[in-house]
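Student: First the structure, then my questions, so here it is.
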Amino acid sequence: MILTATEIKAYLKRLDISDIEAPSYSYLKRLHRAHVERLSWQTLDIVAGRPASIDLEHSVGLVLSGRSGYCFHLNGAFGTLLRSLGFRVNWHRAGVQPSGMEPRINGFHLALTVGTSNEDGEEELWIADAGLGDMPHDPLPLAEGIYHQGPFAYTVTHSELAENGWRLVHDPLATFAGVDVAPEIVQDLTPFYDKHAYYSTSPESPWLHTFLLRHRHATGSNELRGCVWSRREGGHITKTELASQSQWLDVLGDVFGEPLVAYDSADRDALWKLVRGWHEEWLRSREQAGAVDG
């Protein structure tokens, strides 16, 4: 899929970028930063029972209509934009490793590599991932090393799960351990359809009952889990409980760029009631655990 000139202009407007430049690392970095700052990774539509298709046309449509999604939507749309701007883009099967669990390449994450030419005309490959929530802010070289971005330190190394694959190790204070990526290029999103169906509809999905939004910015990151807003600046994390619907909606719109444009007033009330109910259950479970420990 290649975007029309009108679609490219609308997509760039969503990123607050007005000009089109020739493909280069500096332009890629500018696009990447804008994408991860303005389009949050989120499970909102899954929680609301309205999972969005990961077809490229639909994912791009989400962006153009002021909405967002999770990795399949974000990297699908971002890869399409980059290709339409003349970048060399590859999709790969990948797997995110939650903290305390084993690494995996299970196709539950869509990864991107992007090629640009340096001053000598040689191709340089970059890890460009707009679908991981709180990592990374800038594209990373597809070369072993430790890279610092704001308060985060990322390590790129070889993957022990796939020959010629690579692993992106997250910052030690982050919410998951890392990502392993297979080197084979995926031609379309067909291999990910069943993974998306699992994530968005299966009773076993980790996202079906987890209201979660994440995004990066230059000096840290933000996360909204249920009614708890976590702000990371440097090595410090501040947590705020959002006790009212108006406060919750303000943070969704002002911090995460999610004004719920596809949800009317009744829908917003229902979503808040659901998420607040889960939050109160969580508070009660903590109180009960504290009583037992005491």
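Ordered as shown in the structure tokens, chains take letters A, B, and onward, while each chain numbers its residues from 1 and ligands are numbered from 1 in the order shown.
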Quick one: residues within 8 Å of Ala94 of chain A, only C-alpha atoms, excluding same-chain residues fewer than 5 positions away - as a list in words?

Tutor: Arg104, Ile105, Asn106, Gly107, Phe108, His109, Leu110, Ala111, Val179, Asp180, Val181 and Ala182 of chain A

Student: Write the residues of the preceding selection, restricted to C-alpha atoms, as a PDB file, in the first residue's frame.

Tutor:
ATOM      1  CA  ARG A 104      10.355 -15.508  22.538  1.00  0.00           C
ATOM      2  CA  ILE A 105       9.830 -14.876  18.838  1.00  0.00           C
ATOM      3  CA  ASN A 106       6.168 -15.765  18.599  1.00  0.00           C
ATOM      4  CA  GLY A 107       4.828 -13.263  16.099  1.00  0.00           C
ATOM      5  CA  PHE A 108       2.973 -11.279  18.744  1.00  0.00           C
ATOM      6  CA  HIS A 109       4.958  -8.203  17.776  1.00  0.00           C
ATOM      7  CA  LEU A 110       5.448  -6.587  14.362  1.00  0.00           C
ATOM      8  CA  ALA A 111       8.964  -5.165  14.096  1.00  0.00           C
ATOM      9  CA  VAL A 179      12.287  -7.896  22.187  1.00  0.00           C
ATOM     10  CA  ASP A 180      13.688 -10.649  19.951  1.00  0.00           C
ATOM     11  CA  VAL A 181      13.354 -10.289  16.189  1.00  0.00           C
ATOM     12  CA  ALA A 182      13.623 -12.814  13.369  1.00  0.00           C
TER      13      ALA A 182
END

Student: Write out as a PyMOL selection string which residues come within 6 Å of Pro139 of chain A when counting only C-alpha atoms, dropping same-chain ones fewer than 5 positions away.

Tutor: chain A and resi 126-128

Student: Write out, as a compact mmCIF listing (two decimals), in the first residue's frame, the residues just selected, with N, CA, C and O atoms.

Tutor:
# COMPACT_ATOMS: atom_id res chain seq x y z
N TRP A 126 18.30 0.54 10.38
CA TRP A 126 17.87 1.08 11.67
C TRP A 126 16.70 0.28 12.21
O TRP A 126 15.84 -0.17 11.47
N ILE A 127 16.68 0.12 13.53
CA ILE A 127 15.52 -0.42 14.22
C ILE A 127 14.59 0.75 14.48
O ILE A 127 14.91 1.65 15.26
N ALA A 128 13.46 0.77 13.80
CA ALA A 128 12.48 1.85 13.96
C ALA A 128 11.20 1.21 14.47
O ALA A 128 10.54 0.48 13.74

Student: Residues at most 8 Å from Gly145 of chain A, counting only C-alpha atoms, excluding those fewer than 6 positions away in the same chain, as JSON, numbers by chain?

Tutor: {"A": [155, 156, 157]}

Student: Only all heavy atoms, please: the residues just picked out, written as a CSV table (one decimal), in the first residue's frame.

Tutor:
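Listed below is the output, part.csv:
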chain,number,residue,atom,x,y,z
A,155,THR,N,20.1,-1.9,24.8
A,155,THR,CA,21.2,-2.7,24.3
A,155,THR,C,20.7,-3.5,23.0
A,155,THR,O,19.7,-4.1,23.1
A,155,THR,CB,21.7,-3.7,25.3
A,155,THR,OG1,22.2,-3.0,26.5
A,155,THR,CG2,22.9,-4.6,24.8
A,156,VAL,N,21.5,-3.4,21.9
A,156,VAL,CA,21.2,-4.2,20.8
A,156,VAL,C,22.3,-5.3,20.7
A,156,VAL,O,23.5,-5.0,20.8
A,156,VAL,CB,21.3,-3.3,19.5
A,156,VAL,CG1,21.0,-4.2,18.2
A,156,VAL,CG2,20.2,-2.2,19.5
A,157,THR,N,21.8,-6.5,20.6
A,157,THR,CA,22.7,-7.7,20.6
A,157,THR,C,22.1,-8.7,19.7
A,157,THR,O,21.0,-8.6,19.2
A,157,THR,CB,23.0,-8.2,22.0
A,157,THR,OG1,24.0,-9.2,22.0
A,157,THR,CG2,21.7,-8.7,22.7

Student: Counting only C-alpha atoms, which residues in segment 164-220 of chain A sit no more than 12 Å from segment 253-269 of chain A? For each one, give the nearest pair of atoms and the distance in Å, sorted by chain then residue number, as CSV.

Tutor:
residue,atom,partner,partner_atom,distance
A:Leu212,CA,A:Phe256,CA,10.8
A:Leu213,CA,A:Phe256,CA,7.4
A:Arg214,CA,A:Phe256,CA,7.5
A:His215,CA,A:Phe256,CA,7.1
A:Arg216,CA,A:Phe256,CA,9.7
A:His217,CA,A:Val255,CA,10.7

Student: Those same residues, written as a compact mmCIF listing (two decimals), in the first residue's frame with N, CA and C atoms?

Tutor:
# COMPACT_ATOMS: atom_id res chain seq x y z
N LEU A 212 -4.59 0.13 29.14
CA LEU A 212 -3.19 0.54 29.21
C LEU A 212 -2.84 1.43 28.02
N LEU A 213 -2.22 2.55 28.32
CA LEU A 213 -1.66 3.44 27.30
C LEU A 213 -0.23 3.78 27.69
N ARG A 214 0.66 3.86 26.68
CA ARG A 214 2.04 4.24 26.92
C ARG A 214 2.55 5.11 25.77
N HIS A 215 3.43 6.02 26.09
CA HIS A 215 4.15 6.73 25.03
C HIS A 215 5.45 7.30 25.58
N ARG A 216 6.37 7.61 24.66
CA ARG A 216 7.67 8.18 24.99
C ARG A 216 7.68 9.67 24.74
N HIS A 217 8.64 10.34 25.37
CA HIS A 217 8.99 11.70 25.00
C HIS A 217 10.49 11.84 25.26

Student: Can you tell me how far atom CA of Ser68 of chain A sits from atom CA of Leu39 of chain A, in Å to one decimal?

Tutor: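 So the answer is 5.9 Å.
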
Student: Rank A:Arg88, A:Arg232, A:His32, A:Arg286 by their smallest atom-to-atom distance to Asn75 of chain A, using only C-alpha atoms, and report the top residue only.

Tutor: A:His32

Student: If you measure from atom CA of Glu160 of chain A to atom CA of Glu122 of chain A, what distance in Å do you get, rounded to one decimal?

Tutor: 28.0 Å

Student: Please report the interatomic distance between atom CA of Leu132 of chain A and atom CA of Ala22 of chain A in Å with one decimal.

Tutor: 26.2 Å

Student: Give me, as JSON lines, each residue of segment 32-124 of chain A that comes within 10 Å of segment 6-18 of chain A, together with its shortest interatomic pair and the distance in Å at one decimal, counting only C-alpha atoms, with rows ordered by chain and rising residue number.

Tutor:
{"residue": "A:His32", "atom": "CA", "partner": "A:Leu15", "partner_atom": "CA", "distance": 9.4}
{"residue": "A:Arg33", "atom": "CA", "partner": "A:Leu15", "partner_atom": "CA", "distance": 9.1}
{"residue": "A:Ala34", "atom": "CA", "partner": "A:Leu15", "partner_atom": "CA", "distance": 5.4}
{"residue": "A:His35", "atom": "CA", "partner": "A:Leu15", "partner_atom": "CA", "distance": 6.1}
{"residue": "A:Val36", "atom": "CA", "partner": "A:Leu15", "partner_atom": "CA", "distance": 9.4}
{"residue": "A:Glu37", "atom": "CA", "partner": "A:Leu15", "partner_atom": "CA", "distance": 8.7}
{"residue": "A:Arg38", "atom": "CA", "partner": "A:Leu15", "partner_atom": "CA", "distance": 6.6}
{"residue": "A:Leu39", "atom": "CA", "partner": "A:Leu15", "partner_atom": "CA", "distance": 8.3}
{"residue": "A:Val60", "atom": "CA", "partner": "A:Tyr11", "partner_atom": "CA", "distance": 8.1}
{"residue": "A:Gly61", "atom": "CA", "partner": "A:Glu7", "partner_atom": "CA", "distance": 9.3}
{"residue": "A:Val63", "atom": "CA", "partner": "A:Tyr11", "partner_atom": "CA", "distance": 6.9}
{"residue": "A:Leu64", "atom": "CA", "partner": "A:Tyr11", "partner_atom": "CA", "distance": 5.8}
{"residue": "A:Ser65", "atom": "CA", "partner": "A:Arg14", "partner_atom": "CA", "distance": 9.0}
{"residue": "A:Gly66", "atom": "CA", "partner": "A:Arg14", "partner_atom": "CA", "distance": 7.4}
{"residue": "A:Arg67", "atom": "CA", "partner": "A:Arg14", "partner_atom": "CA", "distance": 9.9}
{"residue": "A:Ala77", "atom": "CA", "partner": "A:Tyr11", "partner_atom": "CA", "distance": 9.5}
{"residue": "A:Phe78", "atom": "CA", "partner": "A:Tyr11", "partner_atom": "CA", "distance": 9.4}
{"residue": "A:Thr80", "atom": "CA", "partner": "A:Ile8", "partner_atom": "CA", "distance": 9.8}
{"residue": "A:Leu81", "atom": "CA", "partner": "A:Ile8", "partner_atom": "CA", "distance": 6.9}
{"residue": "A:Leu82", "atom": "CA", "partner": "A:Ile8", "partner_atom": "CA", "distance": 9.6}
{"residue": "A:Ser84", "atom": "CA", "partner": "A:Ile8", "partner_atom": "CA", "distance": 7.6}
{"residue": "A:Leu85", "atom": "CA", "partner": "A:Ile8", "partner_atom": "CA", "distance": 8.0}

Student: List the neighbours of Gly49 of chain A out to 9 Å using only C-alpha atoms; skip same-chain residues closer than 2 positions along the sequence, and give me the result as a VMD selection string.

Tutor: chain A and resid 44 to 47 51 200 to 201 208

Student: Taking into account only C-alpha atoms, which residue in the set A:Met101, A:Cys227, A:Leu125, A:Leu56 is nearest to Phe87 of chain A?

Tutor: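 Among A:Met101, A:Cys227, A:Leu125, A:Leu56, it is A:Leu125 that comes nearest to Phe87 of chain A.
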
Student: Compare A:Asp55, A:Glu102, A:Asp250, A:Asp171 by their minimum atom-to-atom distance to Met135 of chain A, counting only C-alpha atoms, and give me the closest one.

Tutor: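 Among the listed residues, A:Asp171 lies closest to Met135 of chain A.
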
Student: Could you write out, as a list in words, all the residues of segment 188-232 of chain A that DSSP marks as strand (DSSP E)?

Tutor: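 Filtering segment 188-232 of chain A down to strand (DSSP E) leaves Leu212, Leu213, Arg214, His215, Arg216, His217, Gly220, Ser221, Asn222, Glu223, Leu224, Arg225, Val228, Trp229, Ser230, Arg231 and Arg232 of chain A.
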
Student: Give the alpha helix (DSSP H) residues of segment 48-294 of chain A, as assigned by DSSP on the backbone, as a count of residues only.

Tutor: 71

Student: List the spatial neighbours of Tyr25 of chain A as a ChimeraX atom specification - criterion: any atom at most 8 Å away, only C-alpha atoms, same-chain residues fewer than 2 positions off excluded.

Tutor: /A:23,27-29,116-117

Student: Pick out the closest residue to Val169 of chain A from this set: A:Glu144, A:Glu241, A:Asp138, A:Glu280. Count only C-alpha atoms.

Tutor: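 Using only C-alpha atoms, Val169 of chain A sits closest to A:Glu144.
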
Student: Considering only C-alpha atoms, state which residue in the set A:Val228, A:Ala197, A:Leu142, A:Leu3 is at the smallest distance from Trp278 of chain A.

Tutor: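 Nearest to Trp278 of chain A: A:Val228.
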